[in-house]
>>> print(open('input.pdb').read())   # PDB, C-alpha atoms, pLDDT in the B column
ATOM      1  CA  ILE A  54       7.509  88.988 225.479  1.00 93.00           C
ATOM      2  CA  GLY A  55       5.325  85.984 226.248  1.00 93.00           C
ATOM      3  CA  VAL A  56       5.276  82.749 224.264  1.00 91.00           C
ATOM      4  CA  ASP A  57       2.506  80.159 224.624  1.00 90.00           C
ATOM      5  CA  VAL A  58       4.500  76.905 224.638  1.00 89.00           C
ATOM      6  CA  ARG A  59       1.530  74.759 223.527  1.00 83.00           C
ATOM      7  CA  ALA A  60       0.773  77.089 220.613  1.00 81.00           C
ATOM      8  CA  ALA A  61       4.447  77.221 219.638  1.00 81.00           C
ATOM      9  CA  ALA A  62       4.659  73.427 219.666  1.00 79.00           C
ATOM     10  CA  ALA A  63       1.534  73.175 217.510  1.00 73.00           C
ATOM     11  CA  THR A  64       3.210  75.235 214.783  1.00 71.00           C
ATOM     12  CA  ALA A  65       6.009  72.662 214.577  1.00 68.00           C
ATOM     13  CA  LEU A  66       3.750  69.868 213.317  1.00 61.00           C
ATOM     14  CA  GLY A  67       4.154  70.669 209.610  1.00 58.00           C
ATOM     15  CA  GLY A  68       7.030  68.530 208.393  1.00 53.00           C
ATOM     16  CA  GLU A  69       7.155  69.839 204.825  1.00 56.00           C
ATOM     17  CA  ASP A  70      10.491  71.600 205.419  1.00 65.00           C
ATOM     18  CA  MET A  71      12.300  68.614 206.931  1.00 71.00           C
ATOM     19  CA  THR A  72      14.075  67.703 203.683  1.00 77.00           C
ATOM     20  CA  LEU A  73      15.718  70.589 201.835  1.00 84.00           C
ATOM     21  CA  VAL A  74      17.054  70.736 198.280  1.00 87.00           C
ATOM     22  CA  ARG A  75      20.028  72.781 197.096  1.00 91.00           C
ATOM     23  CA  ASP A  76      19.214  75.373 194.427  1.00 91.00           C
ATOM     24  CA  ALA A  77      21.439  76.632 191.608  1.00 93.00           C
ATOM     25  CA  ALA A  78      23.030  79.212 193.910  1.00 95.00           C
ATOM     26  CA  GLY A  79      23.977  76.544 196.442  1.00 94.00           C
ATOM     27  CA  ALA A  80      21.395  77.533 199.058  1.00 93.00           C
ATOM     28  CA  TYR A  81      19.186  74.882 200.660  1.00 90.00           C
ATOM     29  CA  ARG A  82      15.448  75.568 200.431  1.00 88.00           C
ATOM     30  CA  PRO A  83      12.212  73.678 201.243  1.00 83.00           C
ATOM     31  CA  ILE A  84      10.893  71.429 198.496  1.00 83.00           C
ATOM     32  CA  PRO A  85       7.651  72.914 197.070  1.00 82.00           C
ATOM     33  CA  VAL A  86       4.507  71.267 198.386  1.00 81.00           C
ATOM     34  CA  SER A  87       2.727  69.097 195.809  1.00 83.00           C
ATOM     35  CA  PRO A  88      -0.839  70.039 194.773  1.00 88.00           C
ATOM     36  CA  ASP A  89      -2.183  66.858 196.418  1.00 87.00           C
ATOM     37  CA  VAL A  90      -0.609  67.676 199.781  1.00 86.00           C
ATOM     38  CA  GLU A  91      -1.655  71.324 199.500  1.00 88.00           C
ATOM     39  CA  HIS A  92      -5.238  70.188 198.896  1.00 92.00           C
ATOM     40  CA  MET A  93      -5.140  67.780 201.846  1.00 91.00           C
ATOM     41  CA  GLU A  94      -3.788  70.438 204.185  1.00 89.00           C
ATOM     42  CA  SER A  95      -6.403  72.968 203.080  1.00 93.00           C
ATOM     43  CA  ILE A  96      -9.276  70.801 204.335  1.00 96.00           C
ATOM     44  CA  THR A  97      -7.573  68.876 207.174  1.00 95.00           C
ATOM     45  CA  GLN A  98      -8.107  71.742 209.600  1.00 94.00           C
ATOM     46  CA  PRO A  99     -10.073  72.362 212.817  1.00 96.00           C
ATOM     47  CA  TRP A 100     -13.598  73.440 211.796  1.00 98.00           C
ATOM     48  CA  ARG A 101     -16.207  74.880 214.155  1.00 98.00           C
ATOM     49  CA  THR A 102     -19.224  72.651 214.944  1.00 98.00           C
ATOM     50  CA  ALA A 103     -22.846  73.569 215.606  1.00 98.00           C
ATOM     51  CA  ASP A 104     -22.278  73.406 219.393  1.00 98.00           C
ATOM     52  CA  ASP A 105     -19.308  75.819 219.172  1.00 97.00           C
ATOM     53  CA  ARG A 106     -16.612  73.185 219.509  1.00 97.00           C
ATOM     54  CA  TRP A 107     -13.905  72.273 216.983  1.00 98.00           C
ATOM     55  CA  PHE A 108     -13.518  69.114 214.906  1.00 98.00           C
ATOM     56  CA  VAL A 109     -10.631  67.990 212.666  1.00 97.00           C
ATOM     57  CA  PRO A 110     -11.682  65.677 209.792  1.00 97.00           C
ATOM     58  CA  HIS A 111      -8.664  63.835 208.401  1.00 94.00           C
ATOM     59  CA  PHE A 112      -8.253  63.657 204.623  1.00 93.00           C
ATOM     60  CA  ASN A 113      -4.662  62.473 204.207  1.00 87.00           C
ATOM     61  CA  LEU A 114      -5.297  59.409 201.994  1.00 88.00           C
ATOM     62  CA  PRO A 115      -7.776  59.158 199.090  1.00 90.00           C
ATOM     63  CA  HIS A 116      -9.936  56.356 200.522  1.00 90.00           C
ATOM     64  CA  LEU A 117     -10.131  58.084 203.918  1.00 91.00           C
ATOM     65  CA  GLU A 118     -11.035  61.383 202.246  1.00 95.00           C
ATOM     66  CA  GLN A 119     -13.949  59.732 200.456  1.00 96.00           C
ATOM     67  CA  ARG A 120     -15.268  58.182 203.676  1.00 97.00           C
ATOM     68  CA  VAL A 121     -15.230  61.554 205.440  1.00 98.00           C
ATOM     69  CA  LEU A 122     -16.911  63.251 202.491  1.00 98.00           C
ATOM     70  CA  ASN A 123     -19.615  60.572 202.493  1.00 98.00           C
ATOM     71  CA  VAL A 124     -20.355  61.334 206.151  1.00 98.00           C
ATOM     72  CA  LEU A 125     -20.331  65.095 205.680  1.00 98.00           C
ATOM     73  CA  GLY A 126     -22.158  65.012 202.345  1.00 97.00           C
ATOM     74  CA  CYS A 127     -20.024  67.788 200.902  1.00 97.00           C
ATOM     75  CA  GLU A 128     -17.417  68.677 198.287  1.00 97.00           C
ATOM     76  CA  PRO A 129     -13.652  68.479 199.014  1.00 96.00           C
ATOM     77  CA  THR A 130     -13.192  72.246 199.345  1.00 97.00           C
ATOM     78  CA  PRO A 131     -12.508  74.309 202.479  1.00 97.00           C
ATOM     79  CA  ALA A 132     -15.758  76.244 202.208  1.00 98.00           C
ATOM     80  CA  SER A 133     -17.859  73.122 201.669  1.00 98.00           C
ATOM     81  CA  VAL A 134     -16.180  71.186 204.517  1.00 98.00           C
ATOM     82  CA  GLU A 135     -16.503  74.171 206.859  1.00 98.00           C
ATOM     83  CA  ALA A 136     -20.227  74.507 206.124  1.00 98.00           C
ATOM     84  CA  ALA A 137     -20.832  70.762 206.497  1.00 98.00           C
ATOM     85  CA  VAL A 138     -19.030  70.471 209.861  1.00 98.00           C
ATOM     86  CA  ALA A 139     -20.960  73.506 211.115  1.00 98.00           C
ATOM     87  CA  ARG A 140     -24.207  71.508 210.801  1.00 98.00           C
ATOM     88  CA  TRP A 141     -23.037  68.780 213.214  1.00 98.00           C
ATOM     89  CA  GLN A 142     -22.835  68.476 216.980  1.00 98.00           C
ATOM     90  CA  ALA A 143     -19.228  67.568 217.767  1.00 98.00           C
ATOM     91  CA  GLU A 144     -19.948  64.297 219.608  1.00 96.00           C
ATOM     92  CA  ASP A 145     -22.381  63.138 216.902  1.00 98.00           C
ATOM     93  CA  LEU A 146     -19.838  63.809 214.163  1.00 98.00           C
ATOM     94  CA  ASP A 147     -17.128  62.023 216.155  1.00 97.00           C
ATOM     95  CA  GLU A 148     -19.312  58.906 216.370  1.00 97.00           C
ATOM     96  CA  ALA A 149     -20.366  59.070 212.701  1.00 98.00           C
ATOM     97  CA  ILE A 150     -16.773  59.393 211.479  1.00 98.00           C
ATOM     98  CA  ALA A 151     -15.707  56.420 213.607  1.00 96.00           C
ATOM     99  CA  ALA A 152     -18.660  54.307 212.435  1.00 97.00           C
ATOM    100  CA  ALA A 153     -17.660  54.968 208.811  1.00 97.00           C
ATOM    101  CA  GLY A 154     -14.116  53.715 209.430  1.00 95.00           C
ATOM    102  CA  ALA A 155     -12.833  57.187 208.679  1.00 96.00           C
ATOM    103  CA  CYS A 156     -10.487  59.460 210.644  1.00 95.00           C
ATOM    104  CA  GLY A 157     -11.130  62.624 212.604  1.00 97.00           C
ATOM    105  CA  GLY A 158     -11.531  63.886 216.122  1.00 96.00           C
ATOM    106  CA  ILE A 159     -12.823  66.573 218.446  1.00 97.00           C
ATOM    107  CA  VAL A 160     -10.293  69.141 219.610  1.00 96.00           C
ATOM    108  CA  ARG A 161     -10.215  68.526 223.360  1.00 96.00           C
ATOM    109  CA  THR A 162      -8.424  70.165 226.241  1.00 94.00           C
ATOM    110  CA  ALA A 163      -6.004  68.019 228.214  1.00 92.00           C
ATOM    111  CA  ARG A 164      -8.631  67.658 230.947  1.00 95.00           C
ATOM    112  CA  GLU A 165     -11.365  66.676 228.480  1.00 95.00           C
ATOM    113  CA  TRP A 166      -9.060  64.043 226.966  1.00 95.00           C
ATOM    114  CA  LEU A 167      -8.194  62.532 230.348  1.00 96.00           C
ATOM    115  CA  ASP A 168     -11.914  62.362 231.178  1.00 96.00           C
ATOM    116  CA  HIS A 169     -12.655  60.552 227.887  1.00 94.00           C
ATOM    117  CA  PRO A 170     -12.735  56.718 228.177  1.00 94.00           C
ATOM    118  CA  GLN A 171      -9.895  56.343 225.670  1.00 93.00           C
ATOM    119  CA  GLY A 172      -7.810  58.980 227.394  1.00 96.00           C
ATOM    120  CA  ALA A 173      -8.436  57.409 230.785  1.00 96.00           C
ATOM    121  CA  TYR A 174      -7.462  53.983 229.435  1.00 96.00           C
ATOM    122  CA  LEU A 175      -4.200  55.255 227.926  1.00 96.00           C
ATOM    123  CA  ALA A 176      -3.354  57.179 231.098  1.00 96.00           C
ATOM    124  CA  GLY A 177      -3.313  53.862 232.939  1.00 95.00           C
ATOM    125  CA  ARG A 178      -0.974  52.163 230.482  1.00 96.00           C
ATOM    126  CA  PRO A 179       2.836  52.451 230.314  1.00 96.00           C
ATOM    127  CA  VAL A 180       4.303  54.630 227.572  1.00 91.00           C
ATOM    128  CA  VAL A 181       5.860  51.534 225.974  1.00 90.00           C
ATOM    129  CA  GLU A 182       4.441  48.025 226.386  1.00 92.00           C
ATOM    130  CA  ILE A 183       6.411  44.855 225.702  1.00 92.00           C
ATOM    131  CA  THR A 184       4.360  41.721 225.048  1.00 90.00           C
ATOM    132  CA  LYS A 185       6.125  38.398 224.620  1.00 89.00           C
ATOM    133  CA  ILE A 186       4.589  36.520 221.683  1.00 83.00           C
ATOM    134  CA  GLY A 187       6.883  33.487 221.474  1.00 86.00           C
ATOM    135  CA  ASP A 188      10.041  31.737 222.642  1.00 90.00           C
ATOM    136  CA  SER A 189      13.339  31.320 220.859  1.00 86.00           C
ATOM    137  CA  ASP A 190      16.990  30.846 221.669  1.00 90.00           C
ATOM    138  CA  PRO A 191      18.798  34.097 222.483  1.00 87.00           C
ATOM    139  CA  GLU A 192      20.924  35.533 219.712  1.00 83.00           C
ATOM    140  CA  PRO A 193      23.978  37.690 220.373  1.00 85.00           C
ATOM    141  CA  LEU A 194      24.090  41.184 218.960  1.00 84.00           C
ATOM    142  CA  PRO A 195      26.323  41.589 215.885  1.00 84.00           C
ATOM    143  CA  ALA A 196      29.964  42.359 216.510  1.00 81.00           C
ATOM    144  CA  ALA A 197      30.466  45.993 217.422  1.00 71.00           C
ATOM    145  CA  GLY A 198      30.480  48.331 214.434  1.00 81.00           C
ATOM    146  CA  ASP A 199      30.754  52.069 214.001  1.00 88.00           C
ATOM    147  CA  ALA A 200      27.222  52.640 215.362  1.00 92.00           C
ATOM    148  CA  PRO A 201      25.152  51.125 218.210  1.00 91.00           C
ATOM    149  CA  LEU A 202      22.806  49.157 215.917  1.00 94.00           C
ATOM    150  CA  ALA A 203      25.310  48.279 213.199  1.00 94.00           C
ATOM    151  CA  GLY A 204      24.607  44.853 211.744  1.00 92.00           C
ATOM    152  CA  LEU A 205      20.963  44.640 212.846  1.00 95.00           C
ATOM    153  CA  ARG A 206      18.514  43.895 210.031  1.00 96.00           C
ATOM    154  CA  VAL A 207      15.152  45.691 210.187  1.00 97.00           C
ATOM    155  CA  LEU A 208      12.031  45.169 208.064  1.00 97.00           C
ATOM    156  CA  ASP A 209       9.857  48.300 208.007  1.00 98.00           C
ATOM    157  CA  LEU A 210       6.284  47.581 206.854  1.00 97.00           C
ATOM    158  CA  THR A 211       4.860  50.943 207.948  1.00 96.00           C
ATOM    159  CA  ARG A 212       3.553  54.100 206.287  1.00 93.00           C
ATOM    160  CA  ILE A 213       2.923  57.779 207.077  1.00 90.00           C
ATOM    161  CA  LEU A 214       4.845  58.935 210.194  1.00 89.00           C
ATOM    162  CA  ALA A 215       5.063  57.021 213.490  1.00 91.00           C
ATOM    163  CA  GLY A 216       6.236  53.627 212.203  1.00 94.00           C
ATOM    164  CA  PRO A 217       8.570  55.002 209.515  1.00 96.00           C
ATOM    165  CA  THR A 218      10.107  57.337 212.113  1.00 94.00           C
ATOM    166  CA  ALA A 219      10.803  54.382 214.425  1.00 95.00           C
ATOM    167  CA  ALA A 220      12.616  52.605 211.592  1.00 97.00           C
ATOM    168  CA  LEU A 221      14.357  55.851 210.617  1.00 96.00           C
ATOM    169  CA  SER A 222      15.712  56.114 214.163  1.00 95.00           C
ATOM    170  CA  MET A 223      17.147  52.612 213.829  1.00 96.00           C
ATOM    171  CA  ALA A 224      18.763  53.521 210.496  1.00 96.00           C
ATOM    172  CA  GLU A 225      20.268  56.634 212.079  1.00 95.00           C
ATOM    173  CA  HIS A 226      21.869  54.373 214.705  1.00 95.00           C
ATOM    174  CA  GLY A 227      23.405  52.099 212.087  1.00 95.00           C
ATOM    175  CA  ALA A 228      20.792  49.392 211.416  1.00 96.00           C
ATOM    176  CA  ASP A 229      20.289  47.952 207.918  1.00 96.00           C
ATOM    177  CA  VAL A 230      16.660  48.951 207.262  1.00 98.00           C
ATOM    178  CA  LEU A 231      14.533  47.709 204.355  1.00 98.00           C
ATOM    179  CA  MET A 232      11.227  49.546 203.849  1.00 97.00           C
ATOM    180  CA  VAL A 233       8.594  47.238 202.342  1.00 97.00           C
ATOM    181  CA  THR A 234       5.366  48.507 200.777  1.00 95.00           C
ATOM    182  CA  ALA A 235       3.231  47.680 197.731  1.00 94.00           C
ATOM    183  CA  PRO A 236       2.464  49.733 194.608  1.00 92.00           C
ATOM    184  CA  HIS A 237      -1.289  49.893 195.312  1.00 92.00           C
ATOM    185  CA  LEU A 238      -0.955  51.317 198.840  1.00 92.00           C
ATOM    186  CA  PRO A 239      -1.440  55.113 198.972  1.00 90.00           C
ATOM    187  CA  GLN A 240       1.322  57.267 200.415  1.00 89.00           C
ATOM    188  CA  VAL A 241       1.923  60.902 201.345  1.00 86.00           C
ATOM    189  CA  GLU A 242       4.972  61.826 199.270  1.00 84.00           C
ATOM    190  CA  PRO A 243       6.651  64.277 201.707  1.00 83.00           C
ATOM    191  CA  PHE A 244       6.337  61.715 204.510  1.00 87.00           C
ATOM    192  CA  VAL A 245       8.020  59.036 202.388  1.00 91.00           C
ATOM    193  CA  ARG A 246      10.809  61.464 201.539  1.00 87.00           C
ATOM    194  CA  ASP A 247      11.327  62.738 205.083  1.00 87.00           C
ATOM    195  CA  THR A 248      11.260  59.348 206.854  1.00 91.00           C
ATOM    196  CA  SER A 249      13.245  57.249 204.364  1.00 92.00           C
ATOM    197  CA  HIS A 250      16.787  58.592 204.730  1.00 91.00           C
ATOM    198  CA  GLY A 251      19.251  55.770 205.249  1.00 94.00           C
ATOM    199  CA  LYS A 252      16.786  53.021 204.294  1.00 97.00           C
ATOM    200  CA  ARG A 253      16.590  50.691 201.343  1.00 97.00           C
ATOM    201  CA  SER A 254      13.121  50.155 199.886  1.00 96.00           C
ATOM    202  CA  THR A 255      11.247  47.571 197.866  1.00 97.00           C
ATOM    203  CA  TYR A 256       7.766  46.609 196.705  1.00 97.00           C
ATOM    204  CA  LEU A 257       6.255  43.329 197.924  1.00 96.00           C
ATOM    205  CA  ASP A 258       2.523  42.611 197.755  1.00 96.00           C
ATOM    206  CA  PHE A 259       1.918  39.948 200.408  1.00 94.00           C
ATOM    207  CA  THR A 260      -1.508  39.136 198.915  1.00 93.00           C
ATOM    208  CA  ARG A 261       0.450  37.423 196.085  1.00 95.00           C
ATOM    209  CA  PRO A 262       1.771  33.979 197.132  1.00 95.00           C
ATOM    210  CA  ASP A 263       5.180  34.375 195.475  1.00 96.00           C
ATOM    211  CA  GLU A 264       5.800  37.789 197.016  1.00 96.00           C
ATOM    212  CA  ALA A 265       4.511  36.608 200.406  1.00 96.00           C
ATOM    213  CA  ALA A 266       7.060  33.794 200.237  1.00 96.00           C
ATOM    214  CA  ARG A 267       9.814  36.330 199.614  1.00 97.00           C
ATOM    215  CA  LEU A 268       8.653  38.396 202.586  1.00 97.00           C
ATOM    216  CA  ARG A 269       8.790  35.263 204.778  1.00 96.00           C
ATOM    217  CA  GLU A 270      12.396  34.730 203.690  1.00 97.00           C
ATOM    218  CA  LEU A 271      13.241  38.305 204.624  1.00 97.00           C
ATOM    219  CA  ALA A 272      11.415  38.029 207.960  1.00 95.00           C
ATOM    220  CA  ALA A 273      13.276  34.840 208.836  1.00 94.00           C
ATOM    221  CA  ASP A 274      16.559  36.712 208.465  1.00 92.00           C
ATOM    222  CA  ALA A 275      15.444  39.939 210.186  1.00 94.00           C
ATOM    223  CA  ASP A 276      16.194  41.009 213.745  1.00 93.00           C
ATOM    224  CA  VAL A 277      13.356  43.557 213.935  1.00 95.00           C
ATOM    225  CA  PHE A 278       9.958  43.470 212.199  1.00 94.00           C
ATOM    226  CA  ILE A 279       7.961  46.729 212.355  1.00 95.00           C
ATOM    227  CA  GLU A 280       4.357  46.874 211.159  1.00 94.00           C
ATOM    228  CA  GLY A 281       1.499  49.328 211.618  1.00 91.00           C
ATOM    229  CA  TYR A 282      -1.483  47.510 210.130  1.00 90.00           C
ATOM    230  CA  ARG A 283      -4.818  47.209 211.888  1.00 87.00           C
ATOM    231  CA  PRO A 284      -5.002  44.398 214.477  1.00 88.00           C
ATOM    232  CA  HIS A 285      -4.936  40.904 212.939  1.00 90.00           C
ATOM    233  CA  ARG A 286      -4.584  42.124 209.321  1.00 90.00           C
ATOM    234  CA  LEU A 287      -1.072  40.709 208.904  1.00 91.00           C
ATOM    235  CA  GLU A 288      -2.136  37.581 210.756  1.00 91.00           C
ATOM    236  CA  ALA A 289      -4.856  37.065 208.137  1.00 92.00           C
ATOM    237  CA  HIS A 290      -2.112  36.951 205.491  1.00 91.00           C
ATOM    238  CA  GLY A 291       0.076  34.496 207.382  1.00 90.00           C
ATOM    239  CA  PHE A 292       2.288  36.950 209.280  1.00 89.00           C
ATOM    240  CA  GLY A 293       0.858  36.682 212.781  1.00 81.00           C
TER     241      GLY A 293
END
>>> encode(input="input.pdb", output="structure tokens")
Amino acid sequence: IGVDVRAAAATALGGEDMTLVRDAAGAYRPIPVSPDVEHMESITQPWRTADDRWFVPHFNLPHLEQRVLNVLGCEPTPASVEAAVARWQAEDLDEAIAAAGACGGIVRTAREWLDHPQGAYLAGRPVVEITKIGDSDPEPLPAAGDAPLAGLRVLDLTRILAGPTAALSMAEHGADVLMVTAPHLPQVEPFVRDTSHGKRSTYLDFTRPDEAARLRELAADADVFIEGYRPHRLEAHGFG
């Protein structure tokens, strides 16, 4: 028996079964996928391009879906997306998607990625970078608790997967994590469910002066501030 490790790893990228629910018989089963997520997954797939390469357009949030559809000029159905992608050269579609502020990418081999300017740039950077942005007096860690991060206060202003998972890891190690988002920001429901265990959560819209003031109070008392906005967006709202 032979197992392709890369292919096996690729099948583990779902995430819908991470949180299980107990049924009437006491067995734990995956939570059914919502129609919105099922729709997103049906069109967020690798589609073949005119030059026989593969391209993945990303439709995971409503505003991003509309931007991709505007570029492709098609309907949000698998058949329509497949036909639209098939009319494009992969590199041309990659550039058009980026220019529209949308999400998507060419499926590249490891070698092709390392030869790409972005891949080459990242290959020369450390896995984790620490940039000092200011000076302050050192503060001792809280008195030892039952977990390594017990007593640390974390503000989590992230969505989707990477940022929420970082904050989830802190919660798993005992930190007091508060997830902060706003009612108008789109979410992917299974991701919120799967990355929110052990966190508190609240709504604060920092475009409103009173709620921005409350966020400043929370930030002043936090040990860790996690955010995943585009560069300078928080700075534009007074949280640089």
>>> atom_distance(input="input.pdb", atom1="atom CA of Ala220 of chain A", atom2="atom CA of His290 of chain A")
22.3 Å
>>> residues_around(input="input.pdb", residues="segment 203-206 of chain A", least_positions_apart="6", cutoff="9 Å", atoms="only C-alpha atoms", output="number ranges by chain")
A: 194-197, 223-224, 226-231, 274-278
>>> write_last_selection(input="input.pdb", atoms="C-alpha atoms", output="compact mmCIF listing (two decimals), in the coordinates of the input")
# COMPACT_ATOMS: atom_id res chain seq x y z
CA LEU A 194 24.09 41.18 218.96
CA PRO A 195 26.32 41.59 215.88
CA ALA A 196 29.96 42.36 216.51
CA ALA A 197 30.47 45.99 217.42
CA MET A 223 17.15 52.61 213.83
CA ALA A 224 18.76 53.52 210.50
CA HIS A 226 21.87 54.37 214.70
CA GLY A 227 23.40 52.10 212.09
CA ALA A 228 20.79 49.39 211.42
CA ASP A 229 20.29 47.95 207.92
CA VAL A 230 16.66 48.95 207.26
CA LEU A 231 14.53 47.71 204.36
CA ASP A 274 16.56 36.71 208.46
CA ALA A 275 15.44 39.94 210.19
CA ASP A 276 16.19 41.01 213.74
CA VAL A 277 13.36 43.56 213.94
CA PHE A 278 9.96 43.47 212.20
>>> residues_around(input="input.pdb", residues="segment 148-157 of chain A", least_positions_apart="3", cutoff="8 Å", atoms="all atoms listed in the file", output="ChimeraX atom specification")
/A:108-112,117-118,120-121,124,144-145
>>> closest_residue(input="input.pdb", among="A:Ala63, A:Val181, A:Ala136, A:Leu238", to="Phe259 of chain A", atoms="all atoms listed in the file")
A:Leu238
>>> residues_near_point(input="input.pdb", point="(0.7, 41.9, 198.6)", cutoff="9 Å", atoms="all atoms listed in the file", output="VMD selection string")
chain A and resid 234 to 237 256 to 262 264 to 265 290
>>> atom_distance(input="input.pdb", atom1="atom CA of Pro129 of chain A", atom2="atom CA of Thr97 of chain A")
10.2 Å
>>> atom_distance(input="input.pdb", atom1="atom CA of Asp209 of chain A", atom2="atom CA of Ile279 of chain A")
5.0 Å
>>> resolve_selection(input="input.pdb", expression="the PyMOL selection byres ((chain A and resi 242-245) around 10)", output="list in words")
Gly68, Glu69, Asp70, Met71, Thr72, Ile84, Pro85, Val86, Ser87, Asp89, Val90, Arg212, Ile213, Leu214, Pro217, Thr218, Pro239, Gln240, Val241, Arg246, Asp247, Thr248, Ser249 and His250 of chain A
>>> write_last_selection(input="input.pdb", atoms="C-alpha atoms", output="mmCIF file, in the coordinates of the input")
data_model
loop_
_atom_site.group_PDB
_atom_site.id
_atom_site.type_symbol
_atom_site.label_atom_id
_atom_site.label_comp_id
_atom_site.auth_asym_id
_atom_site.auth_seq_id
_atom_site.Cartn_x
_atom_site.Cartn_y
_atom_site.Cartn_z
ATOM 1 C CA GLY A 68 7.030 68.530 208.393
ATOM 2 C CA GLU A 69 7.155 69.839 204.825
ATOM 3 C CA ASP A 70 10.491 71.600 205.419
ATOM 4 C CA MET A 71 12.300 68.614 206.931
ATOM 5 C CA THR A 72 14.075 67.703 203.683
ATOM 6 C CA ILE A 84 10.893 71.429 198.496
ATOM 7 C CA PRO A 85 7.651 72.914 197.070
ATOM 8 C CA VAL A 86 4.507 71.267 198.386
ATOM 9 C CA SER A 87 2.727 69.097 195.809
ATOM 10 C CA ASP A 89 -2.183 66.858 196.418
ATOM 11 C CA VAL A 90 -0.609 67.676 199.781
ATOM 12 C CA ARG A 212 3.553 54.100 206.287
ATOM 13 C CA ILE A 213 2.923 57.779 207.077
ATOM 14 C CA LEU A 214 4.845 58.935 210.194
ATOM 15 C CA PRO A 217 8.570 55.002 209.515
ATOM 16 C CA THR A 218 10.107 57.337 212.113
ATOM 17 C CA PRO A 239 -1.440 55.113 198.972
ATOM 18 C CA GLN A 240 1.322 57.267 200.415
ATOM 19 C CA VAL A 241 1.923 60.902 201.345
ATOM 20 C CA ARG A 246 10.809 61.464 201.539
ATOM 21 C CA ASP A 247 11.327 62.738 205.083
ATOM 22 C CA THR A 248 11.260 59.348 206.854
ATOM 23 C CA SER A 249 13.245 57.249 204.364
ATOM 24 C CA HIS A 250 16.787 58.592 204.730
#
>>> closest_residue(input="input.pdb", among="A:Val160, A:Val134, A:Leu125, A:Val56", to="Arg106 of chain A", atoms="all atoms listed in the file")
A:Val160
>>> resolve_selection(input="input.pdb", expression="the PyMOL selection byres ((chain A and resi 103) around 8)", output="compact mmCIF listing (two decimals) with C-alpha atoms, in the frame of the given file")
# COMPACT_ATOMS: atom_id res chain seq x y z
CA ARG A 101 -16.21 74.88 214.16
CA THR A 102 -19.22 72.65 214.94
CA ASP A 104 -22.28 73.41 219.39
CA ASP A 105 -19.31 75.82 219.17
CA ARG A 106 -16.61 73.18 219.51
CA VAL A 138 -19.03 70.47 209.86
CA ALA A 139 -20.96 73.51 211.12
CA ARG A 140 -24.21 71.51 210.80
CA TRP A 141 -23.04 68.78 213.21
CA GLN A 142 -22.84 68.48 216.98
CA ALA A 143 -19.23 67.57 217.77
>>> residues_near_point(input="input.pdb", point="(18.3, 71.5, 202.1)", cutoff="6 Å", atoms="only C-alpha atoms", output="list in words")
Thr72, Leu73, Val74, Arg75, Tyr81 and Arg82 of chain A
>>> residues_around(input="input.pdb", residues="Gly172 of chain A", least_positions_apart="5", cutoff="12 Å", atoms="only C-alpha atoms", output="PDB file with C-alpha atoms, in the frame of the given file")
ATOM      1  CA  ARG A 161     -10.215  68.526 223.360  1.00 96.00           C
ATOM      2  CA  THR A 162      -8.424  70.165 226.241  1.00 94.00           C
ATOM      3  CA  ALA A 163      -6.004  68.019 228.214  1.00 92.00           C
ATOM      4  CA  ARG A 164      -8.631  67.658 230.947  1.00 95.00           C
ATOM      5  CA  GLU A 165     -11.365  66.676 228.480  1.00 95.00           C
ATOM      6  CA  TRP A 166      -9.060  64.043 226.966  1.00 95.00           C
ATOM      7  CA  LEU A 167      -8.194  62.532 230.348  1.00 96.00           C
ATOM      8  CA  GLY A 177      -3.313  53.862 232.939  1.00 95.00           C
ATOM      9  CA  ARG A 178      -0.974  52.163 230.482  1.00 96.00           C
TER      10      ARG A 178
END
